[in-house]
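**Student:** Provided herewith is a single structure, encoded as structure tokens, for subsequent inquiry.
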Amino acid sequence: MGKKTLYFDSFCGMESYAAVENGKLTEFNYESQSRKNIIGNIYKGKVTDVLNGMQAAFINCGLERNCYLSVEDIFPDKNKYDGGDVDIPTELNLKVGDEILVQVVKAPVGKKGAKVTTALSFVGKYLIYMPNTPFIGVSRKIHDPELRKNLIFSASRKCRGDEGMIVRTAAPYANRKDADNEMEYYRRMYRAILEKFKKAPVGEILYTDYPLFMRVMRDTLLFDVEKIYVGNKFVYDSLTDIIKVTGTRVRNVVLHDNGTDMFYDLGLTPQILELVSPRVELENGGYLIIEKTEALTVIDVNTGKFTGEDSLEHTVYYTNILAAREIARQVRLRNIGGIVVVDFIDMDDEKHREALVEELEKALENDKTKCNVLPMSKFGLVEFTRKRTGPSAASQFVRPCRYCGGTGISYVPEMTILKIRAHLLDLLSKGNRVVCIDMNAGIADKLVCWRELVEETQQKYPLARVYIIPHRTYHDDHFTMRADLSPTFSIPKEGIQLY
């Protein structure tokens with residue numbers, strides 16, 4: 001893995017961050033005041049409903065939708081860490097009206113509210129402090145067995161009572177004093193939250209995580225960072241202060257203040273805009289198609305322009321290997337969570353099929369978010385899961401089309417005319433004498449020429465008058481109707497009388 005270059009900017013209440021390795025964008029995120037990340041926030045919540053059959057409850061945290069608390073989410077995902085055992089409860093023991101401390105672990109998705117837990121945790125540079133979860137763990141990215149054993153022993157000596165701790169990847173590079181100070185800092189913070197909880201109203205935020213740029217600096221091993229570009233003076237000053245206080249060795253922190261947009265000037269904008277494109281090009285001429293559905297994400301691999309110079313099997317295998325590496329980059333870059341199904345190009349050689357799955361697993365190891373890859377099915381499909389850690393890039397960058405309702409399609413003119421006919425006949429059947437239809441100019445031309453509709457309405461409602469008002473700015477599918485019982489209803493001058 002090559003050295004990273006980090007980019008931070010802030011403008012008009014929007015913070016943005018990007019990471020680049022070997023000229024390719026590998027991470028991108030942005031947060032605005034209106035869509036701020038709530039994962040890690042701690043709220044004073046109130047139980048509004050208990051689902052005993054599911055061992056779950058709905059909690060009012062003052063958010064748009066009630067949050068969901070399940071007995072399965074009480075303790076953090078221990079599969080990500082190695083450490084001691086902890087007794088996992090099988091019942092919530094809550095009743096309606098209880099006021100409790102909860103922390104958001106999954107952001108709202110679609111119509112679903114946020115997922116919360118009662119097992120609070122505070123993420124630091126060197127450790128994750130858990131004040132009421134007696135679990136000692138260590139990151140699996142620390143590979144040395146002896147070092148892991150020593151870190152777990154040291155962590156267990158620091159914890160008191162029901163406290164727990166997870167040792168993070170950066171811990172071996174910290175001096176003992178810094179790690180101890182971090183532990184004490186979060187202990188004091190937890191005590192302050194408990195005091196604030198007693199007087200706070202339901203729904204109040206008692207703790208919120210750091211701003212985006214500070215979280216990135218906290219979670220990044222900075223010896224992997226070659227250079228940092230900053231497009232905002234305040235963020236630049238804050239970063240340099242953090243680097244001075246922590247004694248971090250980052251030589252090149254550059255303030256980009258030449259009067260241009262940093263991402264555009266440094267050539268990252270095209271890569272950022274590609275994050276919402278379903279098509280991703282591979283370096284050999286092949287390509288991926290990435291489609292998100294309600295239940296899962298589907299990725300299709302195609303050879304495209306690549307025909308190869310050897311056998312068909314070798315051409316397909318080479319394309320699939322490139323696709324596996326690019327898929328790992330894309331799910332991380334787009335922050336795709338949940339179930340991902342990949343339809344690789346069919347291969348006959350069983351060794352190639354096994355090697356492909358191994359390549360995908362290897363590529364996903366660089367992802368900070370937990371992934372679990374299953375063997376290739378007999379249909380050539382590979383399934384893997386990636387833990388949801390927040391909104392995907394697509395959900396942040398785009399919104400459903402107000403014309404097509406988010407389907408990505410629009411009606412053919414004939415279907416639009418059938419919809420107009422249904423509404424028109426409904427209004428006329430209710431006794432309306434005059435109907436005005438505001439619609440797209442191109443569709444209006446087709447409607448005027450469609451004599452069958454004219455003859456039908458004339459025959460059924462001979463005393464009615466129908467007018468069309470064409471609009472060149474209207475979308476093809478869009479139309480509105482105005483109706484009146486009186487034949488003296490005022491008609492706009494631009495109206496065209498249908499009959």
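Here's how to read the names in the structure tokens: chain A, B, ... by the order shown, residue numbers from 1 in each chain, ligand numbers from 1 in the order shown.
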Excluding Ile336 in chain A and residues on its chain fewer than 5 positions from it, collect all residues at most 10 Å away from it, counting only C-alpha atoms, and give them as a list in words.
**Tutor:**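 Near Ile336 in chain A, the qualifying residues are Lys292, Leu296, Thr297, Gln330, Val331, Thr385, Arg386, Lys387, Arg388, Thr389, Gly390, Pro391, Ser392, Ala393 and Ala394 of chain A.
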**Student:** Quick check for you: according to DSSP on this backbone, which residues of range 101-168 of chain A are classed as strand (DSSP E or B)? Reply as a VMD selection string.
**Tutor:** chain A and resid 101 to 106 109 112 115 to 117 122 to 123 127 to 130 136 to 139 164 to 167
**Student:** Write the residues of the selection above to a file with N, CA and C atoms, as a PDB file, in the first residue's frame.
**Tutor:**
ATOM      1  N   LEU A 101     -29.932   6.186  28.780  1.00  0.00           N
ATOM      2  CA  LEU A 101     -28.858   6.717  27.945  1.00  0.00           C
ATOM      3  C   LEU A 101     -28.660   5.781  26.757  1.00  0.00           C
ATOM      4  N   VAL A 102     -28.697   6.319  25.555  1.00  0.00           N
ATOM      5  CA  VAL A 102     -28.466   5.496  24.377  1.00  0.00           C
ATOM      6  C   VAL A 102     -27.489   6.190  23.442  1.00  0.00           C
ATOM      7  N   GLN A 103     -26.779   5.383  22.652  1.00  0.00           N
ATOM      8  CA  GLN A 103     -25.806   5.895  21.686  1.00  0.00           C
ATOM      9  C   GLN A 103     -26.126   5.350  20.303  1.00  0.00           C
ATOM     10  N   VAL A 104     -26.065   6.202  19.309  1.00  0.00           N
ATOM     11  CA  VAL A 104     -26.381   5.796  17.941  1.00  0.00           C
ATOM     12  C   VAL A 104     -25.235   4.950  17.379  1.00  0.00           C
ATOM     13  N   VAL A 105     -25.580   3.753  16.863  1.00  0.00           N
ATOM     14  CA  VAL A 105     -24.568   2.880  16.255  1.00  0.00           C
ATOM     15  C   VAL A 105     -24.773   2.749  14.752  1.00  0.00           C
ATOM     16  N   LYS A 106     -26.003   3.010  14.271  1.00  0.00           N
ATOM     17  CA  LYS A 106     -26.283   2.992  12.834  1.00  0.00           C
ATOM     18  C   LYS A 106     -27.200   4.146  12.503  1.00  0.00           C
ATOM     19  N   VAL A 109     -31.757   4.802   7.773  1.00  0.00           N
ATOM     20  CA  VAL A 109     -31.687   4.401   6.367  1.00  0.00           C
ATOM     21  C   VAL A 109     -33.105   4.361   5.824  1.00  0.00           C
ATOM     22  N   LYS A 112     -36.341   3.795   7.920  1.00  0.00           N
ATOM     23  CA  LYS A 112     -35.968   3.189   9.201  1.00  0.00           C
ATOM     24  C   LYS A 112     -35.238   4.209  10.066  1.00  0.00           C
ATOM     25  N   LYS A 115     -30.353   3.025  14.702  1.00  0.00           N
ATOM     26  CA  LYS A 115     -30.180   1.953  15.676  1.00  0.00           C
ATOM     27  C   LYS A 115     -29.330   2.478  16.833  1.00  0.00           C
ATOM     28  N   VAL A 116     -29.716   2.119  18.050  1.00  0.00           N
ATOM     29  CA  VAL A 116     -28.999   2.613  19.221  1.00  0.00           C
ATOM     30  C   VAL A 116     -28.602   1.450  20.122  1.00  0.00           C
ATOM     31  N   THR A 117     -27.707   1.738  21.043  1.00  0.00           N
ATOM     32  CA  THR A 117     -27.261   0.761  22.026  1.00  0.00           C
ATOM     33  C   THR A 117     -27.195   1.430  23.389  1.00  0.00           C
ATOM     34  N   PHE A 122     -16.564   5.297  23.685  1.00  0.00           N
ATOM     35  CA  PHE A 122     -15.916   6.548  23.291  1.00  0.00           C
ATOM     36  C   PHE A 122     -14.643   6.192  22.521  1.00  0.00           C
ATOM     37  N   VAL A 123     -14.601   6.617  21.275  1.00  0.00           N
ATOM     38  CA  VAL A 123     -13.488   6.244  20.402  1.00  0.00           C
ATOM     39  C   VAL A 123     -12.373   7.267  20.514  1.00  0.00           C
ATOM     40  N   LEU A 127      -7.493   3.917  21.965  1.00  0.00           N
ATOM     41  CA  LEU A 127      -8.387   2.951  22.590  1.00  0.00           C
ATOM     42  C   LEU A 127      -9.843   3.335  22.368  1.00  0.00           C
ATOM     43  N   ILE A 128     -10.717   2.356  22.572  1.00  0.00           N
ATOM     44  CA  ILE A 128     -12.159   2.601  22.639  1.00  0.00           C
ATOM     45  C   ILE A 128     -12.563   2.312  24.076  1.00  0.00           C
ATOM     46  N   TYR A 129     -13.017   3.335  24.781  1.00  0.00           N
ATOM     47  CA  TYR A 129     -13.370   3.200  26.195  1.00  0.00           C
ATOM     48  C   TYR A 129     -14.850   2.864  26.321  1.00  0.00           C
ATOM     49  N   MET A 130     -15.153   1.768  27.049  1.00  0.00           N
ATOM     50  CA  MET A 130     -16.538   1.344  27.250  1.00  0.00           C
ATOM     51  C   MET A 130     -16.829   1.351  28.750  1.00  0.00           C
ATOM     52  N   ILE A 136     -12.573  -6.768  27.220  1.00  0.00           N
ATOM     53  CA  ILE A 136     -11.222  -6.336  26.853  1.00  0.00           C
ATOM     54  C   ILE A 136     -10.905  -6.940  25.495  1.00  0.00           C
ATOM     55  N   GLY A 137     -10.584  -6.094  24.524  1.00  0.00           N
ATOM     56  CA  GLY A 137     -10.289  -6.585  23.189  1.00  0.00           C
ATOM     57  C   GLY A 137      -9.129  -5.856  22.557  1.00  0.00           C
ATOM     58  N   VAL A 138      -8.666  -6.377  21.444  1.00  0.00           N
ATOM     59  CA  VAL A 138      -7.559  -5.762  20.721  1.00  0.00           C
ATOM     60  C   VAL A 138      -7.845  -5.889  19.229  1.00  0.00           C
ATOM     61  N   SER A 139      -7.488  -4.863  18.485  1.00  0.00           N
ATOM     62  CA  SER A 139      -7.727  -4.849  17.047  1.00  0.00           C
ATOM     63  C   SER A 139      -6.998  -6.004  16.363  1.00  0.00           C
ATOM     64  N   GLY A 164     -14.676  -1.453  30.245  1.00  0.00           N
ATOM     65  CA  GLY A 164     -14.045  -2.269  29.229  1.00  0.00           C
ATOM     66  C   GLY A 164     -13.230  -1.392  28.295  1.00  0.00           C
ATOM     67  N   MET A 165     -12.412  -2.040  27.476  1.00  0.00           N
ATOM     68  CA  MET A 165     -11.536  -1.277  26.578  1.00  0.00           C
ATOM     69  C   MET A 165     -11.199  -2.124  25.362  1.00  0.00           C
ATOM     70  N   ILE A 166     -11.132  -1.473  24.215  1.00  0.00           N
ATOM     71  CA  ILE A 166     -10.624  -2.111  23.008  1.00  0.00           C
ATOM     72  C   ILE A 166      -9.372  -1.370  22.581  1.00  0.00           C
ATOM     73  N   VAL A 167      -8.293  -2.087  22.434  1.00  0.00           N
ATOM     74  CA  VAL A 167      -7.017  -1.482  22.063  1.00  0.00           C
ATOM     75  C   VAL A 167      -6.991  -1.303  20.550  1.00  0.00           C
TER      76      VAL A 167
END
**Student:** Tell me which of A:Asp438, A:Asp180, A:Glu163, A:Glu72 sits closest to Ile420 in chain A, counting only C-alpha atoms.
**Tutor:** A:Asp438
**Student:** DSSP says alpha helix (DSSP H) for which residues of range 28-235 of chain A? Put them as a ChimeraX atom specification?
**Tutor:** /A:145-158,176-199,212-219,233-235
**Student:** Which of these, A:Glu195, A:Asp310, A:Glu359, A:Glu456, has the shortest distance to Ile327 in chain A once you count only C-alpha atoms?
**Tutor:**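 Among the listed residues, the smallest separation from Ile327 in chain A belongs to A:Glu359.
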**Student:** Neighbours of Leu221 in chain A within 12 Å (only C-alpha atoms; same-chain residues fewer than 6 positions away dropped), as an mmCIF file with C-alpha atoms, in the first residue's frame?
**Tutor:**
data_model
loop_
_atom_site.group_PDB
_atom_site.id
_atom_site.type_symbol
_atom_site.label_atom_id
_atom_site.label_comp_id
_atom_site.auth_asym_id
_atom_site.auth_seq_id
_atom_site.Cartn_x
_atom_site.Cartn_y
_atom_site.Cartn_z
ATOM 1 C CA LYS A 3 1.513 6.573 0.994
ATOM 2 C CA LYS A 4 -1.692 8.580 1.333
ATOM 3 C CA LEU A 6 -5.203 13.716 2.577
ATOM 4 C CA LYS A 125 -6.780 7.573 19.083
ATOM 5 C CA TYR A 126 -5.378 4.602 20.983
ATOM 6 C CA ARG A 168 -6.799 0.233 18.672
ATOM 7 C CA THR A 169 -4.223 -0.213 15.907
ATOM 8 C CA ALA A 170 -2.341 2.950 16.865
ATOM 9 C CA ALA A 171 -1.810 1.857 20.499
ATOM 10 C CA PRO A 172 1.609 0.157 19.980
ATOM 11 C CA TYR A 173 2.955 3.475 18.646
ATOM 12 C CA ALA A 174 1.774 5.508 21.659
ATOM 13 C CA ARG A 215 -12.196 12.155 13.391
ATOM 14 C CA THR A 248 2.769 13.819 15.224
ATOM 15 C CA ARG A 249 5.372 13.745 12.468
ATOM 16 C CA VAL A 250 3.610 15.121 9.409
ATOM 17 C CA LYS A 368 -11.305 -0.304 8.071
#
**Student:** Give me the residues within 12 Å of range 373-376 of chain A as a ChimeraX atom specification, counting only C-alpha atoms and dropping any in the same chain fewer than 6 places off.
**Tutor:** /A:324,328,339-347,350-365,382-386
**Student:** How would the residues just picked look written out with C-alpha atoms as a PDB file, in the first residue's frame?
**Tutor:**
ATOM      1  CA  ALA A 324     -12.031  -7.660  -7.495  1.00  0.00           C
ATOM      2  CA  ALA A 328     -12.852  -3.344  -2.854  1.00  0.00           C
ATOM      3  CA  ILE A 339     -25.079  -7.326   1.403  1.00  0.00           C
ATOM      4  CA  VAL A 340     -23.096  -7.051  -1.832  1.00  0.00           C
ATOM      5  CA  VAL A 341     -23.528  -9.634  -4.616  1.00  0.00           C
ATOM      6  CA  VAL A 342     -20.908  -9.732  -7.387  1.00  0.00           C
ATOM      7  CA  ASP A 343     -21.598 -11.424 -10.709  1.00  0.00           C
ATOM      8  CA  PHE A 344     -18.097 -12.170 -11.964  1.00  0.00           C
ATOM      9  CA  ILE A 345     -17.546 -13.391 -15.520  1.00  0.00           C
ATOM     10  CA  ASP A 346     -17.884 -17.188 -15.694  1.00  0.00           C
ATOM     11  CA  MET A 347     -14.663 -19.206 -15.419  1.00  0.00           C
ATOM     12  CA  GLU A 350     -11.745 -24.154 -10.302  1.00  0.00           C
ATOM     13  CA  LYS A 351      -8.305 -22.881  -9.248  1.00  0.00           C
ATOM     14  CA  HIS A 352      -9.067 -19.548 -10.913  1.00  0.00           C
ATOM     15  CA  ARG A 353     -12.387 -19.349  -9.071  1.00  0.00           C
ATOM     16  CA  GLU A 354     -10.716 -19.960  -5.698  1.00  0.00           C
ATOM     17  CA  ALA A 355      -7.897 -17.525  -6.477  1.00  0.00           C
ATOM     18  CA  LEU A 356     -10.434 -14.840  -7.389  1.00  0.00           C
ATOM     19  CA  VAL A 357     -12.230 -15.098  -4.025  1.00  0.00           C
ATOM     20  CA  GLU A 358      -8.853 -14.946  -2.243  1.00  0.00           C
ATOM     21  CA  GLU A 359      -7.957 -11.819  -4.234  1.00  0.00           C
ATOM     22  CA  LEU A 360     -11.227 -10.147  -3.212  1.00  0.00           C
ATOM     23  CA  GLU A 361     -10.659 -11.040   0.442  1.00  0.00           C
ATOM     24  CA  LYS A 362      -7.116  -9.696   0.271  1.00  0.00           C
ATOM     25  CA  ALA A 363      -8.270  -6.430  -1.329  1.00  0.00           C
ATOM     26  CA  LEU A 364     -10.971  -5.971   1.317  1.00  0.00           C
ATOM     27  CA  GLU A 365      -8.443  -6.387   4.152  1.00  0.00           C
ATOM     28  CA  VAL A 382     -19.709 -14.028  -4.793  1.00  0.00           C
ATOM     29  CA  GLU A 383     -21.519 -12.573  -1.791  1.00  0.00           C
ATOM     30  CA  PHE A 384     -19.951 -10.474   0.910  1.00  0.00           C
ATOM     31  CA  THR A 385     -21.206  -8.220   3.657  1.00  0.00           C
ATOM     32  CA  ARG A 386     -19.836  -4.868   4.748  1.00  0.00           C
TER      33      ARG A 386
END
**Student:** List as a list of chain:residue names the protein and nucleic acid residues near Asn252 in chain A, meaning an atom at most 8 Å away when only C-alpha atoms are counted, but skip any in the same chain fewer than 2 places from it.
**Tutor:**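 Result of the neighbour search: A:Glu226, A:Lys227, A:Ile228, A:Val250, A:Val254.
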**Student:** Dump C-alpha atoms for the selected residues as a PDB file, in the first residue's frame?
**Tutor:**
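Printed below is again35.pdb as written:
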ATOM      1  CA  GLU A 226       2.787  11.723   2.855  1.00  0.00           C
ATOM      2  CA  LYS A 227       1.071  15.099   2.533  1.00  0.00           C
ATOM      3  CA  ILE A 228      -2.023  16.994   3.715  1.00  0.00           C
ATOM      4  CA  VAL A 250       3.610  15.121   9.409  1.00  0.00           C
ATOM      5  CA  VAL A 254      -0.161  22.756   2.841  1.00  0.00           C
TER       6      VAL A 254
END
**Student:** Considering only C-alpha atoms, can you say which of A:Gly405, A:Gly304, A:Pro470, A:Gly380 comes closest to Leu288 in chain A?
**Tutor:** A:Gly304
**Student:** May I ask for the distance between CA of Met481 in chain A and CA of Cys436 in chain A, given in Å to one decimal place?
**Tutor:**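 One can read the CA of Met481 in chain A to CA of Cys436 in chain A distance as 5.6 Å.
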**Student:** Using only C-alpha atoms, what does the table of range 76-167 of chain A residues within 6 Å of range 43-49 of chain A look like, with each row giving the shortest atom pair and its distance in Å to one decimal, sorted by chain and ascending number, as a tab-separated table?
**Tutor:**
residue	atom	partner	partner_atom	distance
A:Val96	CA	A:Val47	CA	5.0
A:Gly97	CA	A:Val47	CA	5.2
A:Asp98	CA	A:Val47	CA	5.4
A:Glu99	CA	A:Lys46	CA	4.4
A:Ile100	CA	A:Gly45	CA	5.3
A:Leu101	CA	A:Lys44	CA	5.0
A:Val102	CA	A:Tyr43	CA	5.6
**Student:** Do you have the CA of Arg65 in chain A-CA of Gly113 in chain A distance handy?
**Tutor:** 5.2 Å
**Student:** What's the separation between CA of Ala323 in chain A and CA of Thr303 in chain A, in Å to one decimal place?
**Tutor:** 9.7 Å
**Student:** Fewer than 4 positions away in the same chain doesn't count, so skip those; otherwise give me all residues within 12 Å of range 256-265 of chain A, counting only C-alpha atoms, as a PyMOL selection string.
**Tutor:** chain A and resi 6-11+16-20+25+28+228-236+269-273
**Student:** With C-alpha atoms retained, could you export that selection as a PDB file, in the first residue's frame?
**Tutor:**
ATOM      1  CA  LEU A   6      -5.203  13.716   2.577  1.00  0.00           C
ATOM      2  CA  TYR A   7      -7.425  16.654   1.599  1.00  0.00           C
ATOM      3  CA  PHE A   8      -9.643  18.716   3.925  1.00  0.00           C
ATOM      4  CA  ASP A   9     -11.916  21.623   3.087  1.00  0.00           C
ATOM      5  CA  SER A  10     -14.803  23.510   4.650  1.00  0.00           C
ATOM      6  CA  PHE A  11     -17.195  25.872   2.929  1.00  0.00           C
ATOM      7  CA  SER A  16     -15.268  17.573   3.043  1.00  0.00           C
ATOM      8  CA  TYR A  17     -12.462  15.037   3.165  1.00  0.00           C
ATOM      9  CA  ALA A  18     -10.655  12.932   0.565  1.00  0.00           C
ATOM     10  CA  ALA A  19      -7.780  10.455   0.564  1.00  0.00           C
ATOM     11  CA  VAL A  20      -5.723   9.538  -2.485  1.00  0.00           C
ATOM     12  CA  LEU A  25      -9.354   8.435  -4.818  1.00  0.00           C
ATOM     13  CA  PHE A  28     -14.318  10.639   0.279  1.00  0.00           C
ATOM     14  CA  ILE A 228      -2.023  16.994   3.715  1.00  0.00           C
ATOM     15  CA  TYR A 229      -3.756  19.718   1.694  1.00  0.00           C
ATOM     16  CA  VAL A 230      -6.200  22.037   3.439  1.00  0.00           C
ATOM     17  CA  GLY A 231      -8.510  24.465   1.641  1.00  0.00           C
ATOM     18  CA  ASN A 232      -9.761  26.355   4.711  1.00  0.00           C
ATOM     19  CA  LYS A 233      -7.699  28.577   7.020  1.00  0.00           C
ATOM     20  CA  PHE A 234      -9.611  27.641  10.203  1.00  0.00           C
ATOM     21  CA  VAL A 235      -9.261  23.905   9.507  1.00  0.00           C
ATOM     22  CA  TYR A 236      -5.588  24.428   8.623  1.00  0.00           C
ATOM     23  CA  THR A 269     -13.471  16.760  -8.878  1.00  0.00           C
ATOM     24  CA  PRO A 270     -13.938  14.327 -11.828  1.00  0.00           C
ATOM     25  CA  GLN A 271     -13.220  11.337  -9.537  1.00  0.00           C
ATOM     26  CA  ILE A 272     -15.623  12.678  -6.892  1.00  0.00           C
ATOM     27  CA  LEU A 273     -18.451  13.121  -9.405  1.00  0.00           C
TER      28      LEU A 273
END
